[in-house]
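Working notes for the structure below.
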Amino acid sequence: MASLIPDIALTPAAAARVAAIAARQNKPAILRLSVEGGGCSGFQYRFGFADAPEAADLVTETDGVQLVVDDMSLDLVRGASVDYVESLGGASFKVENPNAASGCGCGTSFSV
């Protein structure tokens, strides 16, 4: 069974964007964050929508929107915040990760 975690946060802006996308796609408002090896700095963030949390997932909720993270990825993003930002360069989900020792210019990969 998935368990609730206070170790990662989803900002209200990110929750609103997830809810809007999920409503358009007629899917549950569940955003999955995972960390994979690769990218220019060693690890990279991956986002996707989930139909439901998996048994081993850790879950946090903001404004009725769930953010799910698998237990292996949580070790690399513990204490992080997921935000949604819009700028002249485009719009994207952004991870503010206190565990990242360095990152790349695009903000999607990091090292610890």
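Labels used: A, B, ... for chains in the order of the structure tokens, numbers from 1 for residues in each chain, and numbers from 1 for ligands as shown.
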
Fill in: Those in stretch 20-70 of chain A with helix (DSSP H, G or I) from DSSP, as a PyMOL selection string
chain A and resi 20-25

Fill in: Atomic separation - atom CA of A:Asp51 relative to atom CA of A:Val85, Å
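Going from atom CA of A:Val85 over to atom CA of A:Asp51 covers 24.2 Å.
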
Discussion item. So that I can see what lies close to A:Arg17, please list as a VMD selection string the residues with an atom at most 9 Å from it, counting only C-alpha atoms and leaving out residues fewer than 5 positions away in the same chain.
Written reply: chain A and resid 12 22 84

Practice prompt. For A:Glu61, please output as a list in words all residues within 12 Å (counting only C-alpha atoms; exclusion window: fewer than 3 positions along the same chain).
Written response: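 Once the nearby chain positions are removed, what remains is Ser3, Leu4, Ile5, Pro6, Asp7, Ile8, Ala9, Leu10, Thr11, Pro12, Ala14, Ala15, Ala16, Val18, Ala19, Ala29, Ile30, Leu31, Arg32, Pro53, Leu58, Gly64, Val65, Gln66, Leu67, Val68, Val69 and Val82 of chain A.
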
Item to complete: Can you work out the spacing between atom CA of A:Asp71 and atom CA of A:Glu86 in Å, to one decimal?
Response: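 One can read the atom CA of A:Asp71 to atom CA of A:Glu86 distance as 29.2 Å.
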
Discussion item. Taking the DSSP secondary structure from the backbone, can you list the residues of chain A that are strand (DSSP E), as number ranges by chain?
Written reply: A: 3-4, 9-10, 30-38, 42-49, 58-62, 65-69, 81-87, 90-96, 102-103, 109-111

Fill in: Among listed residues A:Ser34, A:Ala20, A:Val95, A:Gly48, nearest A:Asp75 (using only C-alpha atoms)
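Among A:Ser34, A:Ala20, A:Val95, A:Gly48, it is A:Ser34 that comes nearest to A:Asp75.
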
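Between atom CA of A:Asp83 and atom CA of A:Gly37 lies a distance of 21.8 Å.
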
Item to complete: Have a look at A:Ser92, A:Gln25, A:Ser87, A:Thr60 and name the one nearest to A:Tyr45; count only C-alpha atoms.
Response: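 Counting only C-alpha atoms, the residue closest to A:Tyr45 is A:Ser92.
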